[in-house]
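Colleague: My questions all concern the structure below.
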Amino acid sequence: MSEPRRAARVVIFHSLDHARAALAAAREARVPLVLRTAPGAAAYAGVGYLKAIVERARAEAPGVAMNAEIDCGEDPGLALAALRAGWTALRLSGRADVRRRIAEIAEAKGARLIADADREPPLDLRDARDPRAACRTFLALPRE
């Protein structure tokens, strides 16, 4: 009998070490994962740099069920840059009409704009002293 599908847990990463820790913990827990950039990270880190982090971490953790989301803040230009860089899941805040237009463009490129609010709070690794331990604890928590 196969294991029932489980909803992915969301971890906000700030570095390659964070992404690696999250994927290692997800592999151990056998939990699907969403790696999300920090809020507005596309503006200060760059869409290409963040994409490279995700790709490297993914290559080092084959077999882990993982998706990645980039947070573009309120900047539709960054969302378009993220699409050009190959991101397939984007977060964008700001005006509804702008988000609708970016969502249309994303859909035409086989990507999507994440519009829904989180069902449960994500784990933000920004201040984690031991990111892997923080991820293990988070992934072991019961779902809300």
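Ordering of the structure tokens sets the chain letters (A, B, ...), residue numbers begin anew at 1 in every chain, and ligands are numbered from 1 in the order given.
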Could you tell me, as a short mmCIF file (atom, residue, chain, number, x, y, z; two decimals) with N, CA, C and O atoms, in the first residue's frame, which residues of chain A DSSP assigns to alpha helix (DSSP H) when given the backbone?
Modeller:
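See selection-v5.cif below for the written result:
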data_model
loop_
_atom_site.label_atom_id
_atom_site.label_comp_id
_atom_site.auth_asym_id
_atom_site.auth_seq_id
_atom_site.Cartn_x
_atom_site.Cartn_y
_atom_site.Cartn_z
N LEU A 16 22.71 28.97 0.65
CA LEU A 16 22.85 27.60 0.18
C LEU A 16 22.85 26.63 1.36
O LEU A 16 22.23 25.56 1.29
N ASP A 17 23.51 26.99 2.45
CA ASP A 17 23.51 26.11 3.62
C ASP A 17 22.10 25.88 4.16
O ASP A 17 21.76 24.76 4.57
N HIS A 18 21.28 26.91 4.15
CA HIS A 18 19.89 26.76 4.59
C HIS A 18 19.14 25.79 3.67
O HIS A 18 18.40 24.92 4.14
N ALA A 19 19.31 25.98 2.35
CA ALA A 19 18.62 25.12 1.39
C ALA A 19 19.06 23.67 1.57
O ALA A 19 18.23 22.75 1.56
N ARG A 20 20.36 23.46 1.74
CA ARG A 20 20.87 22.11 1.95
C ARG A 20 20.28 21.49 3.23
O ARG A 20 19.89 20.32 3.23
N ALA A 21 20.25 22.26 4.29
CA ALA A 21 19.73 21.76 5.56
C ALA A 21 18.26 21.38 5.43
O ALA A 21 17.83 20.33 5.94
N ALA A 22 17.49 22.21 4.76
CA ALA A 22 16.05 21.93 4.59
C ALA A 22 15.84 20.66 3.79
O ALA A 22 15.00 19.81 4.14
N LEU A 23 16.60 20.50 2.71
CA LEU A 23 16.43 19.31 1.88
C LEU A 23 16.90 18.04 2.61
O LEU A 23 16.27 16.99 2.48
N ALA A 24 17.97 18.15 3.37
CA ALA A 24 18.43 16.99 4.14
C ALA A 24 17.38 16.56 5.16
O ALA A 24 17.09 15.37 5.31
N ALA A 25 16.80 17.52 5.85
CA ALA A 25 15.77 17.21 6.84
C ALA A 25 14.51 16.64 6.18
O ALA A 25 13.88 15.72 6.71
N ALA A 26 14.16 17.18 5.01
CA ALA A 26 12.98 16.68 4.28
C ALA A 26 13.21 15.24 3.83
O ALA A 26 12.30 14.42 3.87
N ARG A 27 14.44 14.94 3.41
CA ARG A 27 14.75 13.57 3.00
C ARG A 27 14.59 12.62 4.19
O ARG A 27 13.98 11.57 4.09
N GLU A 28 15.15 13.01 5.35
CA GLU A 28 15.06 12.18 6.55
C GLU A 28 13.61 11.96 6.98
O GLU A 28 13.24 10.86 7.38
N ALA A 29 12.82 13.03 6.91
CA ALA A 29 11.43 12.96 7.36
C ALA A 29 10.49 12.41 6.29
O ALA A 29 9.32 12.16 6.58
N ALA A 41 13.44 38.83 -1.47
CA ALA A 41 14.83 38.44 -1.73
C ALA A 41 15.26 38.68 -3.17
O ALA A 41 16.43 38.93 -3.44
N ALA A 42 14.32 38.61 -4.10
CA ALA A 42 14.69 38.84 -5.50
C ALA A 42 15.33 40.20 -5.69
O ALA A 42 16.23 40.37 -6.51
N ALA A 43 14.93 41.18 -4.88
CA ALA A 43 15.45 42.54 -5.02
C ALA A 43 16.89 42.67 -4.53
O ALA A 43 17.68 43.40 -5.13
N TYR A 44 17.24 41.98 -3.47
CA TYR A 44 18.58 42.18 -2.93
C TYR A 44 19.56 41.06 -3.26
O TYR A 44 20.76 41.25 -3.20
N ALA A 45 19.06 39.89 -3.61
CA ALA A 45 19.97 38.78 -3.92
C ALA A 45 20.05 38.51 -5.42
O ALA A 45 21.06 38.03 -5.89
N VAL A 47 17.55 37.24 -8.97
CA VAL A 47 16.81 36.03 -9.35
C VAL A 47 17.74 34.92 -9.81
O VAL A 47 17.50 33.75 -9.53
N GLY A 48 18.82 35.27 -10.49
CA GLY A 48 19.76 34.25 -10.97
C GLY A 48 20.52 33.60 -9.83
O GLY A 48 20.71 32.37 -9.82
N TYR A 49 20.97 34.39 -8.89
CA TYR A 49 21.70 33.86 -7.74
C TYR A 49 20.81 32.91 -6.94
O TYR A 49 21.23 31.80 -6.58
N LEU A 50 19.58 33.31 -6.69
CA LEU A 50 18.66 32.47 -5.92
C LEU A 50 18.33 31.19 -6.68
O LEU A 50 18.24 30.11 -6.09
N LYS A 51 18.18 31.31 -7.99
CA LYS A 51 17.91 30.12 -8.82
C LYS A 51 19.09 29.15 -8.74
O LYS A 51 18.91 27.94 -8.64
N ALA A 52 20.32 29.69 -8.76
CA ALA A 52 21.51 28.84 -8.68
C ALA A 52 21.56 28.10 -7.33
O ALA A 52 21.96 26.93 -7.29
N ILE A 53 21.19 28.78 -6.26
CA ILE A 53 21.15 28.12 -4.95
C ILE A 53 20.19 26.94 -4.99
O ILE A 53 20.52 25.83 -4.56
N VAL A 54 18.99 27.17 -5.50
CA VAL A 54 17.98 26.11 -5.54
C VAL A 54 18.46 24.95 -6.42
O VAL A 54 18.34 23.78 -6.04
N GLU A 55 19.01 25.27 -7.57
CA GLU A 55 19.46 24.20 -8.48
C GLU A 55 20.59 23.38 -7.87
O GLU A 55 20.62 22.16 -8.00
N ARG A 56 21.51 24.05 -7.21
CA ARG A 56 22.63 23.32 -6.59
C ARG A 56 22.13 22.43 -5.45
O ARG A 56 22.52 21.26 -5.35
N ALA A 57 21.29 22.99 -4.60
CA ALA A 57 20.75 22.20 -3.49
C ALA A 57 19.94 21.02 -4.02
O ALA A 57 20.06 19.90 -3.50
N ARG A 58 19.15 21.24 -5.06
CA ARG A 58 18.35 20.16 -5.64
C ARG A 58 19.25 19.07 -6.21
O ARG A 58 18.98 17.88 -6.02
N ALA A 59 20.32 19.45 -6.87
CA ALA A 59 21.24 18.48 -7.45
C ALA A 59 21.92 17.63 -6.38
O ALA A 59 22.25 16.46 -6.62
N GLU A 60 22.12 18.21 -5.21
CA GLU A 60 22.77 17.50 -4.11
C GLU A 60 21.80 16.63 -3.32
O GLU A 60 22.23 15.88 -2.44
N PRO A 76 6.90 44.05 -10.10
CA PRO A 76 6.56 43.19 -11.23
C PRO A 76 7.74 42.99 -12.18
O PRO A 76 7.83 41.96 -12.85
N GLY A 77 8.66 43.94 -12.23
CA GLY A 77 9.84 43.77 -13.07
C GLY A 77 10.69 42.60 -12.59
O GLY A 77 11.24 41.85 -13.41
N LEU A 78 10.80 42.45 -11.29
CA LEU A 78 11.53 41.31 -10.75
C LEU A 78 10.80 40.00 -11.04
O LEU A 78 11.44 38.97 -11.30
N ALA A 79 9.49 40.03 -11.00
CA ALA A 79 8.72 38.83 -11.33
C ALA A 79 8.98 38.42 -12.78
O ALA A 79 9.17 37.24 -13.08
N LEU A 80 9.01 39.39 -13.67
CA LEU A 80 9.30 39.08 -15.08
C LEU A 80 10.72 38.55 -15.24
O LEU A 80 10.96 37.61 -16.00
N ALA A 81 11.67 39.14 -14.51
CA ALA A 81 13.05 38.65 -14.55
C ALA A 81 13.12 37.22 -14.02
O ALA A 81 13.87 36.39 -14.56
N ALA A 82 12.36 36.93 -12.98
CA ALA A 82 12.34 35.57 -12.42
C ALA A 82 11.81 34.58 -13.46
O ALA A 82 12.35 33.48 -13.60
N LEU A 83 10.79 34.97 -14.17
CA LEU A 83 10.26 34.10 -15.23
C LEU A 83 11.32 33.84 -16.30
O LEU A 83 11.50 32.71 -16.75
N ARG A 84 12.03 34.89 -16.71
CA ARG A 84 13.09 34.73 -17.71
C ARG A 84 14.21 33.82 -17.20
O ARG A 84 14.84 33.11 -17.97
N ALA A 85 14.45 33.85 -15.89
CA ALA A 85 15.50 33.02 -15.30
C ALA A 85 15.07 31.57 -15.09
O ALA A 85 15.88 30.73 -14.71
N ALA A 96 -3.61 44.53 -7.25
CA ALA A 96 -4.29 43.35 -7.78
C ALA A 96 -4.24 43.30 -9.30
O ALA A 96 -4.05 42.22 -9.88
N ASP A 97 -4.42 44.44 -9.97
CA ASP A 97 -4.42 44.42 -11.44
C ASP A 97 -3.05 44.03 -11.98
O ASP A 97 -2.94 43.32 -12.98
N VAL A 98 -1.98 44.46 -11.31
CA VAL A 98 -0.63 44.10 -11.73
C VAL A 98 -0.39 42.61 -11.48
O VAL A 98 0.15 41.90 -12.35
N ARG A 99 -0.83 42.12 -10.35
CA ARG A 99 -0.67 40.69 -10.06
C ARG A 99 -1.43 39.83 -11.07
O ARG A 99 -0.93 38.80 -11.52
N ARG A 100 -2.62 40.28 -11.46
CA ARG A 100 -3.40 39.53 -12.46
C ARG A 100 -2.64 39.45 -13.78
O ARG A 100 -2.57 38.40 -14.41
N ARG A 101 -2.06 40.56 -14.19
CA ARG A 101 -1.32 40.59 -15.47
C ARG A 101 -0.08 39.70 -15.40
O ARG A 101 0.20 38.95 -16.32
N ILE A 102 0.65 39.77 -14.29
CA ILE A 102 1.83 38.92 -14.13
C ILE A 102 1.40 37.45 -14.09
O ILE A 102 2.08 36.58 -14.65
N ALA A 103 0.28 37.16 -13.45
CA ALA A 103 -0.22 35.78 -13.40
C ALA A 103 -0.52 35.27 -14.82
O ALA A 103 -0.22 34.11 -15.14
N GLU A 104 -1.09 36.12 -15.67
CA GLU A 104 -1.37 35.73 -17.06
C GLU A 104 -0.08 35.43 -17.81
O GLU A 104 0.01 34.45 -18.55
N ILE A 105 0.91 36.29 -17.63
CA ILE A 105 2.20 36.10 -18.30
C ILE A 105 2.86 34.82 -17.80
O ILE A 105 3.38 34.02 -18.58
N ALA A 106 2.82 34.62 -16.48
CA ALA A 106 3.41 33.41 -15.90
C ALA A 106 2.73 32.16 -16.46
O ALA A 106 3.41 31.20 -16.85
N GLU A 107 1.43 32.17 -16.49
CA GLU A 107 0.68 31.01 -16.99
C GLU A 107 1.05 30.71 -18.44
O GLU A 107 1.23 29.54 -18.81
N ALA A 108 1.22 31.74 -19.25
CA ALA A 108 1.60 31.54 -20.65
C ALA A 108 2.99 30.91 -20.77
O ALA A 108 3.30 30.26 -21.76
N PRO A 131 20.41 25.22 11.34
CA PRO A 131 19.30 25.12 10.40
C PRO A 131 18.76 23.70 10.21
O PRO A 131 17.55 23.52 10.12
N ARG A 132 19.64 22.72 10.19
CA ARG A 132 19.15 21.35 9.99
C ARG A 132 18.31 20.88 11.17
O ARG A 132 17.25 20.28 10.99
N ALA A 133 18.76 21.18 12.38
CA ALA A 133 17.97 20.81 13.56
C ALA A 133 16.64 21.56 13.57
O ALA A 133 15.61 20.97 13.91
N ALA A 134 16.65 22.82 13.19
CA ALA A 134 15.41 23.59 13.14
C ALA A 134 14.45 22.98 12.14
O ALA A 134 13.24 22.86 12.40
N CYS A 135 14.97 22.55 11.00
CA CYS A 135 14.12 21.92 9.98
C CYS A 135 13.59 20.58 10.46
O CYS A 135 12.41 20.27 10.25
N ARG A 136 14.43 19.78 11.10
CA ARG A 136 13.97 18.49 11.62
C ARG A 136 12.80 18.69 12.58
O ARG A 136 11.79 17.99 12.52
N THR A 137 12.96 19.64 13.51
CA THR A 137 11.91 19.91 14.49
C THR A 137 10.64 20.38 13.79
O THR A 137 9.54 19.90 14.07
N PHE A 138 10.78 21.31 12.87
CA PHE A 138 9.63 21.85 12.14
C PHE A 138 8.91 20.77 11.35
O PHE A 138 7.67 20.69 11.38
N LEU A 139 9.67 19.94 10.65
CA LEU A 139 9.04 18.92 9.81
C LEU A 139 8.38 17.83 10.64
O LEU A 139 7.49 17.13 10.14
N ALA A 140 8.80 17.67 11.88
CA ALA A 140 8.20 16.66 12.76
C ALA A 140 6.93 17.15 13.45
O ALA A 140 6.17 16.35 14.00
#
Colleague: How would you write, as a list in words, the set of residues in chain A that DSSP gives as strand (DSSP E)?
Modeller: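 Listing strand (DSSP E) positions across chain A yields Arg9, Val10, Val11, Ile12, Phe13, Leu33, Val34, Leu35, Arg36, Thr37, Met66, Asn67, Ala68, Glu69, Ile70, Asp71, Ala89, Leu90, Arg91, Arg112, Leu113, Ile114, Leu123 and Asp124 of chain A.
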Colleague: Calculate how many Å separate atom CA of A:Arg112 from atom CA of A:Ala128, rounding to one decimal.
Modeller: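 Here the two named atoms are 29.6 Å from each other.
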Colleague: Quick one, how far is atom CA of A:Ala8 from atom CA of A:Ala115?
Modeller: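 One can read the atom CA of A:Ala8 to atom CA of A:Ala115 distance as 16.3 Å.
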Colleague: Fewer than 4 positions away in the same chain doesn't count, so skip those; otherwise give me all residues within 12 Å of A:Arg119, counting only C-alpha atoms, as a list in words.
Modeller: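 Listed by chain and then number, they are Ala7, Ala8, Arg9, Val10, Arg143 and Glu144 of chain A.
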Colleague: From the list A:Leu92, A:Gly86, A:Gly73, A:Leu141, which residue is nearest A:Leu123 when using only C-alpha atoms?
Modeller: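 Distance minimum relative to A:Leu123 lands on A:Leu141.
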